[in-house]
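Trainee: The following block contains the structure, expressed as structure tokens.
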Amino acid sequence: MMRLTLAKSFSIWIRRSIPIALVAMLAALSVVSIKIPGYASIAADYTSMAVFYWTVFCPDLQPISLLFIIGLLQDIICGNPLGLTVVSLLLLHRLTLSQQQLLIKKPFLFICFAFMLIQLLISILSWLIMSLLHFCLILPDPAVYRYLITVFGFPIMMRFLFYVRCYVIE
Amino acid sequence: MAKRAESFNSLAEPMRSLRRHFFFATLLISSSILIILSKLDVFLVEHARILVIDALTPAIELTTRPISLLNKLIQQIRDLHYLQAENSRLILENKRLYRWQQVVQLLEAENLALRSLTNFTPPKDIEFVSARVIGDSSGVFVRNILITAGNKDGLTLGNAVVSGDGLVGGVIEVGEAYSRVLLITDLNSYIPIKIDRTRDPGLLIGNNTRAPRVVYLPLYSQVVLGDRIITSGQGGVFPSGLAVGVVTMINDGLISVTPFVDWERLEYVSVLKTGYDGIVRSNIAKLLPSMIKRPKTLTCFAK
């Protein structure tokens, strides 16, 4: 059996950590907004995009324990009720994982469509949880805008993550 | 031997799957419990949140530096684009303000004369602390910002936060070196206001959009488009007279206000140490000033 050198093992470890590190970086982006006019109030849900992509293409490199920690940190930094992002990320991961075998063989547009549907469910769930916490139906407009920005931004993010996967991880 | 390995694998796989399901269920239940605890404002959860943010603040601040530079660059490009139009507007505004200056000087002199006649004691000057905005969570369900001033700067819960344009919000979480400010547009924000022209009192309620609403105005109130909204000072948390916004829409009794604050240029804010004590604090928080309990909402009603 071929023995791996220390440098090689380290390189493999670094490359295998990239998906979760990217998810963490994108979660951190949600607290620093780029002030493009009319954009500051609502940013795309970058974390969900990355979680979906890595669950489809490299599910083993995205442990749910780390997703839990990333979601928790995002909630703490953003001032959300603790656990809201965690629930969203865990359910997104679970729903995607259940369809992973089907999605991995499908073309680009089909994957985008699947993300659109799964993200819709997650957005509705988050909105319902927040409404429940406030004991009233809160205005859905910001959630709708964010959903649309996320869904339309996903193809670009997917292209970026595709290059990362092809040229860095693999 | 191969058969034994095969039978071991056929047993191990369902076990691994079961373990994964169990782990997922545990994490999901834990996060649901966290949501409930967060809603109930459990002191330990809130304290943990403050400790984590205190630890993360330097990292967040470091991350925001390049983003602030980028924001400044975007702003400069925008400003250059509108330079000529802006210059013409400023010339006109300068002329208008010069006329107002004459009026103000006359009124000031009259005011001083009347005060000396009635032995009026003016209110004390309000102390303030300036801070940089380091985090602007552009979430869907919350509207808040993180600022670089905290307990060490003498900030307390409920302190009013203003920018050069007007009221930004109120302090809802105080760490050692940072504070979280609930913006006036947040769903949980309730601010006692009055209409500047008519002096009618009301309440400004955030709705997570850029146009919070005014409610509980007197029945006889005659609000018109363009009316200025200022804080009323009722409840004792915010001082009165802080500029809030202007009425921009009246539709079927719903009054929408556009805040004066330019949310896209919000880089530095001033925290007014008003010293009022309108929000009830826990006994523990009195013992440990850095562990202040987060209020459920930024309500400003008197105790």
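How things are named: the first chain in the structure tokens is A, the next is B, and so on; residues count from 1 in each chain; ligands count from 1 in the order shown.
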Produce a table with one row for each residue of chain B that has an atom at most 8 Å from any atom of chain A, each row naming the nearest atom pair and its distance in Å at one decimal; use only C-alpha atoms; arrange rows by chain and rising residue number; format as a Markdown table.

Mentor:
| residue | atom | partner | partner_atom | distance |
| --- | --- | --- | --- | --- |
| B:Phe24 | CA | A:Ile64 | CA | 7.5 |
| B:Leu27 | CA | A:Phe68 | CA | 7.2 |
| B:Leu28 | CA | A:Val87 | CA | 6.3 |
| B:Ser31 | CA | A:Gly83 | CA | 4.6 |
| B:Ser32 | CA | A:Gly83 | CA | 6.4 |
| B:Ile33 | CA | A:Gly83 | CA | 8.0 |
| B:Leu34 | CA | A:Gly83 | CA | 5.4 |
| B:Ile35 | CA | A:Gly83 | CA | 5.1 |
| B:Ser38 | CA | A:Pro81 | CA | 5.7 |
| B:Lys39 | CA | A:Leu133 | CA | 6.9 |
| B:Arg49 | CA | A:Ile76 | CA | 6.0 |
| B:Val52 | CA | A:Ile76 | CA | 7.7 |
| B:Ile53 | CA | A:Ile77 | CA | 6.6 |
| B:Thr63 | CA | A:Val32 | CA | 7.7 |
| B:Thr64 | CA | A:Val32 | CA | 6.1 |
| B:Ile67 | CA | A:Ile34 | CA | 6.5 |
| B:Ser68 | CA | A:Ile34 | CA | 8.0 |
| B:Leu70 | CA | A:Ile34 | CA | 7.6 |
| B:Asn71 | CA | A:Lys35 | CA | 5.8 |
| B:Ile74 | CA | A:Ile36 | CA | 7.4 |
| B:Ile134 | CA | A:Val32 | CA | 7.6 |
| B:Gly135 | CA | A:Val31 | CA | 5.4 |
| B:Asp136 | CA | A:Val31 | CA | 5.5 |
| B:Ser137 | CA | A:Val31 | CA | 4.5 |
| B:Ser138 | CA | A:Ser41 | CA | 5.1 |
| B:Gly139 | CA | A:Ile42 | CA | 6.3 |
| B:Val140 | CA | A:Pro142 | CA | 5.5 |
| B:Phe141 | CA | A:Met130 | CA | 7.3 |
| B:Val142 | CA | A:Asn80 | CA | 6.4 |
| B:Asn144 | CA | A:Gly79 | CA | 7.2 |
| B:Asn207 | CA | A:Leu139 | CA | 7.0 |
| B:Asn208 | CA | A:Pro142 | CA | 7.3 |
| B:Thr209 | CA | A:Pro142 | CA | 7.2 |
| B:Trp263 | CA | A:Ala40 | CA | 7.7 |
| B:Glu264 | CA | A:Lys35 | CA | 5.5 |
| B:Arg265 | CA | A:Lys35 | CA | 7.6 |

Trainee: Next, the residues of the selection above should be written as a compact mmCIF listing (two decimals), in the first residue's frame with N, CA, C and O atoms.

Mentor:
# COMPACT_ATOMS: atom_id res chain seq x y z
N PHE B 24 -28.96 13.35 13.41
CA PHE B 24 -29.70 14.43 12.76
C PHE B 24 -30.89 14.85 13.63
O PHE B 24 -31.11 16.05 13.85
N LEU B 27 -29.77 16.88 16.61
CA LEU B 27 -29.41 18.28 16.28
C LEU B 27 -30.66 19.11 16.00
O LEU B 27 -30.76 20.26 16.41
N LEU B 28 -31.63 18.49 15.30
CA LEU B 28 -32.87 19.21 14.97
C LEU B 28 -33.65 19.56 16.24
O LEU B 28 -34.15 20.68 16.39
N SER B 31 -31.89 22.36 18.09
CA SER B 31 -32.12 23.70 17.53
C SER B 31 -33.54 24.18 17.81
O SER B 31 -33.74 25.38 18.05
N SER B 32 -34.50 23.25 17.82
CA SER B 32 -35.88 23.67 18.15
C SER B 32 -35.94 24.15 19.60
O SER B 32 -36.60 25.16 19.90
N ILE B 33 -35.24 23.45 20.48
CA ILE B 33 -35.20 23.88 21.89
C ILE B 33 -34.55 25.26 22.00
O ILE B 33 -35.02 26.13 22.73
N LEU B 34 -33.49 25.46 21.21
CA LEU B 34 -32.80 26.76 21.23
C LEU B 34 -33.73 27.89 20.80
O LEU B 34 -33.71 28.98 21.37
N ILE B 35 -34.55 27.61 19.77
CA ILE B 35 -35.50 28.64 19.29
C ILE B 35 -36.45 29.03 20.43
O ILE B 35 -36.69 30.21 20.68
N SER B 38 -34.63 30.91 23.12
CA SER B 38 -34.32 32.25 22.63
C SER B 38 -35.54 33.16 22.75
O SER B 38 -35.44 34.33 23.10
N LYS B 39 -36.71 32.59 22.46
CA LYS B 39 -37.96 33.36 22.56
C LYS B 39 -38.29 33.68 24.02
O LYS B 39 -38.78 34.75 24.34
N ARG B 49 -24.80 34.35 24.13
CA ARG B 49 -24.81 35.10 22.87
C ARG B 49 -23.89 36.33 22.97
O ARG B 49 -23.07 36.59 22.10
N VAL B 52 -20.20 35.27 23.03
CA VAL B 52 -19.71 34.85 21.70
C VAL B 52 -19.46 36.07 20.83
O VAL B 52 -18.42 36.20 20.18
N ILE B 53 -20.41 37.00 20.83
CA ILE B 53 -20.24 38.18 19.98
C ILE B 53 -19.05 39.01 20.46
O ILE B 53 -18.28 39.53 19.65
N THR B 63 -13.09 41.87 9.24
CA THR B 63 -13.73 41.49 7.97
C THR B 63 -14.41 42.68 7.32
O THR B 63 -14.44 42.77 6.09
N THR B 64 -14.95 43.58 8.15
CA THR B 64 -15.71 44.69 7.57
C THR B 64 -14.81 45.77 6.98
O THR B 64 -15.28 46.57 6.20
N ILE B 67 -14.63 45.58 3.28
CA ILE B 67 -16.00 45.82 2.75
C ILE B 67 -16.32 47.32 2.86
O ILE B 67 -16.92 47.89 1.95
N SER B 68 -15.89 47.97 3.97
CA SER B 68 -16.15 49.41 4.11
C SER B 68 -15.42 50.18 3.02
O SER B 68 -15.96 51.14 2.49
N LEU B 70 -14.72 49.06 0.09
CA LEU B 70 -15.48 48.80 -1.13
C LEU B 70 -16.73 49.68 -1.17
O LEU B 70 -17.07 50.28 -2.20
N ASN B 71 -17.40 49.77 -0.01
CA ASN B 71 -18.60 50.60 0.08
C ASN B 71 -18.28 52.06 -0.22
O ASN B 71 -19.04 52.75 -0.90
N ILE B 74 -17.79 52.47 -3.92
CA ILE B 74 -19.08 52.48 -4.62
C ILE B 74 -19.75 53.85 -4.46
O ILE B 74 -20.26 54.44 -5.39
N ILE B 134 -20.18 47.97 12.57
CA ILE B 134 -19.33 46.91 12.05
C ILE B 134 -20.13 45.77 11.43
O ILE B 134 -19.63 45.03 10.62
N GLY B 135 -21.33 45.62 11.82
CA GLY B 135 -22.13 44.53 11.25
C GLY B 135 -23.51 45.02 10.92
O GLY B 135 -24.15 45.68 11.73
N ASP B 136 -23.94 44.72 9.72
CA ASP B 136 -25.28 45.13 9.31
C ASP B 136 -25.96 43.86 8.81
O ASP B 136 -25.79 43.48 7.67
N SER B 137 -26.65 43.19 9.73
CA SER B 137 -27.23 41.91 9.34
C SER B 137 -28.40 42.17 8.41
O SER B 137 -29.42 42.71 8.81
N SER B 138 -28.21 41.84 7.16
CA SER B 138 -29.26 42.13 6.19
C SER B 138 -30.23 40.95 6.12
O SER B 138 -30.54 40.47 5.05
N GLY B 139 -30.62 40.48 7.29
CA GLY B 139 -31.53 39.34 7.35
C GLY B 139 -32.95 39.71 6.94
O GLY B 139 -33.28 40.88 6.82
N VAL B 140 -33.75 38.69 6.74
CA VAL B 140 -35.12 38.92 6.31
C VAL B 140 -35.99 39.26 7.51
O VAL B 140 -36.87 40.11 7.43
N PHE B 141 -35.70 38.64 8.63
CA PHE B 141 -36.60 38.75 9.77
C PHE B 141 -36.11 39.70 10.86
O PHE B 141 -36.80 39.93 11.82
N VAL B 142 -34.91 40.18 10.73
CA VAL B 142 -34.39 41.10 11.75
C VAL B 142 -33.72 42.30 11.08
O VAL B 142 -33.17 42.18 10.00
N ASN B 144 -31.06 44.84 12.46
CA ASN B 144 -30.22 45.36 13.54
C ASN B 144 -28.80 45.57 13.05
O ASN B 144 -28.42 45.08 12.00
N ASN B 207 -41.88 47.27 10.57
CA ASN B 207 -42.50 46.10 9.92
C ASN B 207 -41.51 45.37 9.03
O ASN B 207 -41.91 44.68 8.09
N ASN B 208 -40.23 45.55 9.29
CA ASN B 208 -39.15 44.92 8.51
C ASN B 208 -39.05 45.42 7.08
O ASN B 208 -38.37 44.82 6.28
N THR B 209 -39.78 46.49 6.76
CA THR B 209 -39.59 47.12 5.45
C THR B 209 -38.93 48.47 5.71
O THR B 209 -38.66 48.82 6.86
N TRP B 263 -29.91 54.44 5.11
CA TRP B 263 -29.42 53.14 5.59
C TRP B 263 -28.20 52.67 4.80
O TRP B 263 -27.41 51.89 5.29
N GLU B 264 -28.09 53.15 3.56
CA GLU B 264 -26.96 52.70 2.73
C GLU B 264 -25.66 53.41 3.08
O GLU B 264 -24.59 52.97 2.69
N ARG B 265 -25.75 54.55 3.79
CA ARG B 265 -24.53 55.28 4.14
C ARG B 265 -24.27 55.25 5.64
O ARG B 265 -23.51 56.06 6.16

Trainee: Figure out the distance between atom CA of Gly170 of chain B and atom CA of Ile229 of chain B, please, to one decimal in Å.

Mentor: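 According to the coordinates, atom CA of Ile229 of chain B and atom CA of Gly170 of chain B are separated by 16.7 Å.
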
Trainee: Let's see if you can do this: from backbone DSSP, list all alpha helix (DSSP H) residues in chain A, as a ChimeraX atom specification.

Mentor: /A:6-29,46-57,64-78,84-98,100-103,108-134,141-164

Trainee: Taking only C-alpha atoms into account, which of B:Trp100, B:Phe23, B:Tyr178, B:Tyr268 comes nearest Gly150 of chain B?

Mentor: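 Checking each candidate against Gly150 of chain B, we get B:Tyr178 as the closest.
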
Trainee: At what distance in Å, to one decimal, does atom CA of Ile145 of chain B lie from atom CA of Glu61 of chain B?

Mentor: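 Distance reported for this atom pair: 12.4 Å.
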
Trainee: Which residue is closest to Asp196 of chain B? Choose from B:Ala243, B:Leu266, B:Val42, B:Ala59 and count only C-alpha atoms.

Mentor: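 Looking at the shortest contact to Asp196 of chain B, the residue is B:Ala243.
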
Trainee: What is the atom CA of Lys194 of chain B to atom CA of Ala109 of chain B distance in Å?

Mentor: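 Rounded to one decimal, the two atoms are 26.6 Å apart.
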
Trainee: Neighbours of segment 9-21 of chain A within 7 Å (only C-alpha atoms; same-chain residues fewer than 6 positions away dropped), as a PyMOL selection string?

Mentor: chain A and resi 54+61-62+168-169
